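Trainee: Quick one: the structure is below, and I'll ask about it shortly.
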Amino acid sequence: MGTLNTIIQKLHHGLIVSCQALPGEPLYGAEMMARMAAAAEEGGAVGIRANGAADVRAIKSAVSLPVIGIIKRDYPGSAVYITPTLREIEELLEAGADMIAFDATGQKRPEGCTLEQIVSFLSRNGTASMADISILEEAIHAEALGVSCVSTTLSGYTPYSLQQEGPNFELLQKAVERLSVPVIAEGRMIEPDQVRKAMDLGAYAAVVGSAITRPQLITGRFAAAIRRVEMNNGNDRPD
Ligand SMILES: CC(=O)N[C@H](C=O)[C@@H](O)[C@H](O)[C@H](O)COP(=O)(O)O
């Protein structure tokens with residue numbers, strides 16, 4: 001229990017950088033993600049969020065920060081893809097993840113696995129748990145089950161949650177007001193001011209991923225800004 005609390009405390013009021021590249025992305029590969037994590041540590045991150053046992057292992061040996069592990073895995077017929085079953089939890093524990101994050105939405109998990117099983121397995125094991133939620137009710141349910149913290153990760157990624165381009169600050173604020181466990185702001189923050197706002201609203205910590213570690217998306221934002229200027233000037237490019 002002591003270790004569990006220490007890990008959570010290390011994240012307090014800090015920036016967690018999500019270092020993830022999926023197969024097919026230019027930076028895919030554990031070695032690349034370990035370098036990203038080292039850069040994040042140098043820049044002042046307090047923790048890393050990483051996908052896959054290989055990435056967790058590589059990152060653990062490259063940085064001294066706590067690593068929140070997930071495994072994104074698709075199972076036919078299930079919409080739950082972030083650490084869906086106990087199999088992924090075991091792989092992450094084996095890899096040395098300090099905290100494990102998982103889908104904590106109301107959606108049906110594959111292989112007959114339940115959210116209750118995941119949370120009780122992690123708490124019996126003394127491992128810190130992060131519940132990725134999309135709406136307030138899921139956050140309340142996750143807290144009642146005994147998770148260590150809640151993250152707003154999945155807002156906009158379930159069909160019944162608010163669909164918007166930017167971060168869901170309303171959900172963050174309501175969760176902070178309602179819960180006793182730490183609430184982490186995660187998802188769609190691309191500017192430092194948004195992270196600042198999340199902190200002002202009472203977030204325990206903030207997770208930023210794509211805006212730091214997916215250069216193809218960062219490039220796309222800059223390139224789109226130039227295209228917009230060109231279009232406004234009537235210089236529409238043929239491509
Ligand atoms: C919805 C989902 O699958 N989110 C994933 C969760 O680990 C990652 O793809 C995100 O990059 C991460 O949540 C950080 O968010 P953003 O990249 O928007 O800063």
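Every chain in the structure tokens takes a letter, A first, then B, and so on in the order presented; its residues are numbered from 1, and the ligands are numbered from 1 following the presented order.
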Counting only C-alpha atoms and all ligand atoms, what residues are within 7 Å of ligand 1, given as a PyMOL selection string?

Mentor: chain A and resi 18+20+70+82+153-154+157+186-190+207-211

Trainee: List every residue of range 42-156 of chain A that DSSP, applied to the backbone, labels as alpha helix (DSSP H), and write the result as a PyMOL selection string.

Mentor: chain A and resi 42-43+53-62+86-95+115-125+136-145

Trainee: Can you tell me how far CA of Gly69 in chain A sits from CA of Val119 in chain A, in Å to one decimal?

Mentor: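 Result for CA of Gly69 in chain A versus CA of Val119 in chain A: 14.7 Å, one decimal.
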
Trainee: List every residue of range 56-188 of chain A that DSSP, applied to the backbone, labels as strand (DSSP E), and write the result as a list of chain:residue names.

Mentor: A:Val67, A:Ile68, A:Gly69, A:Ile70, A:Met99, A:Ile100, A:Ala101, A:Phe102, A:Asp103, A:Ala128, A:Ser129, A:Met130, A:Ala131, A:Asp132, A:Cys149, A:Val150, A:Ser151, A:Val183, A:Ile184, A:Ala185, A:Glu186

Trainee: Those same residues - N, CA and C atoms - I'd like them written as a short mmCIF file (atom, residue, chain, number, x, y, z; two decimals), in the first residue's frame.

Mentor:
```cif
data_model
loop_
_atom_site.label_atom_id
_atom_site.label_comp_id
_atom_site.auth_asym_id
_atom_site.auth_seq_id
_atom_site.Cartn_x
_atom_site.Cartn_y
_atom_site.Cartn_z
N VAL A 67 5.95 4.56 -14.54
CA VAL A 67 5.35 4.28 -15.86
C VAL A 67 3.95 3.69 -15.67
N ILE A 68 3.00 4.38 -16.29
CA ILE A 68 1.61 3.89 -16.29
C ILE A 68 1.46 3.05 -17.56
N GLY A 69 1.21 1.78 -17.39
CA GLY A 69 1.15 0.89 -18.55
C GLY A 69 -0.27 0.61 -18.99
N ILE A 70 -0.43 0.52 -20.31
CA ILE A 70 -1.70 0.04 -20.88
C ILE A 70 -1.33 -0.95 -21.97
N MET A 99 1.95 1.52 -12.55
CA MET A 99 0.50 1.71 -12.41
C MET A 99 -0.12 1.15 -13.68
N ILE A 100 -1.34 0.66 -13.59
CA ILE A 100 -1.97 0.12 -14.79
C ILE A 100 -3.27 0.86 -15.06
N ALA A 101 -3.42 1.31 -16.30
CA ALA A 101 -4.65 2.00 -16.70
C ALA A 101 -5.47 1.05 -17.59
N PHE A 102 -6.77 1.22 -17.52
CA PHE A 102 -7.67 0.32 -18.26
C PHE A 102 -8.98 1.03 -18.53
N ASP A 103 -9.66 0.57 -19.57
CA ASP A 103 -10.99 1.07 -19.90
C ASP A 103 -11.92 0.79 -18.71
N ALA A 128 -1.16 0.17 -8.26
CA ALA A 128 -1.98 1.36 -8.49
C ALA A 128 -2.78 1.22 -9.78
N SER A 129 -4.02 1.68 -9.73
CA SER A 129 -4.91 1.51 -10.89
C SER A 129 -5.47 2.84 -11.36
N MET A 130 -5.52 3.02 -12.67
CA MET A 130 -6.08 4.24 -13.25
C MET A 130 -7.27 3.85 -14.13
N ALA A 131 -8.44 4.38 -13.78
CA ALA A 131 -9.66 4.05 -14.52
C ALA A 131 -9.88 5.08 -15.64
N ASP A 132 -9.83 4.64 -16.88
CA ASP A 132 -10.09 5.53 -18.01
C ASP A 132 -11.60 5.60 -18.25
N CYS A 149 -7.11 6.02 -9.00
CA CYS A 149 -7.39 7.33 -9.60
C CYS A 149 -8.21 7.13 -10.86
N VAL A 150 -8.73 8.25 -11.36
CA VAL A 150 -9.61 8.23 -12.52
C VAL A 150 -9.03 9.18 -13.56
N SER A 151 -9.13 8.82 -14.83
CA SER A 151 -8.65 9.72 -15.88
C SER A 151 -9.74 9.92 -16.93
N VAL A 183 -8.31 12.91 -9.71
CA VAL A 183 -8.84 12.92 -11.07
C VAL A 183 -7.76 13.49 -12.00
N ILE A 184 -7.42 12.71 -13.00
CA ILE A 184 -6.38 13.11 -13.95
C ILE A 184 -7.04 13.62 -15.22
N ALA A 185 -6.55 14.75 -15.72
CA ALA A 185 -7.07 15.29 -17.00
C ALA A 185 -6.28 14.64 -18.13
N GLU A 186 -6.99 14.04 -19.06
CA GLU A 186 -6.30 13.39 -20.18
C GLU A 186 -7.17 13.46 -21.42
#
```

Trainee: Extract, using only C-alpha atoms, all DNA, RNA and protein residues at most 7 Å from range 24-34 of chain A, discarding same-chain residues fewer than 6 positions from it, and format them as a list in words.

Mentor: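 These residues fall inside the cut-off: Ala54, Asp55, Ala58, Ile59 and Ala62 of chain A.
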
Trainee: Could you give me, as a ChimeraX atom specification, the residues within 9 Å of Val17 in chain A, counting only C-alpha atoms and dropping anything in the same chain fewer than 6 positions from it?

Mentor: /A:37,40-41,45-50,206-209,212-213

Trainee: Please identify all polymer residues within 10 Å of Leu86 in chain A, counting only C-alpha atoms, omitting same-chain residues fewer than 6 positions from it, and present them as a ChimeraX atom specification.

Mentor: /A:92,111,113-115,117-119,121-122

Trainee: Pick from A:Pro182, A:Gly166, A:Gly43, A:Pro215: nearest to Gly146 in chain A, with only C-alpha atoms counted?

Mentor: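 Closest residue, counting only C-alpha atoms: A:Pro182.
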
Trainee: Record the distance separating CA of Asp193 in chain A and CA of Glu177 in chain A, expressed in Å with one decimal.

Mentor: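 Distance between the two atoms: 21.3 Å.
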
Trainee: Tell me, in Å to one decimal, how far CA of Gly126 in chain A is from CA of Ser148 in chain A.

Mentor: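 We find that CA of Gly126 in chain A and CA of Ser148 in chain A lie 10.3 Å from each other.
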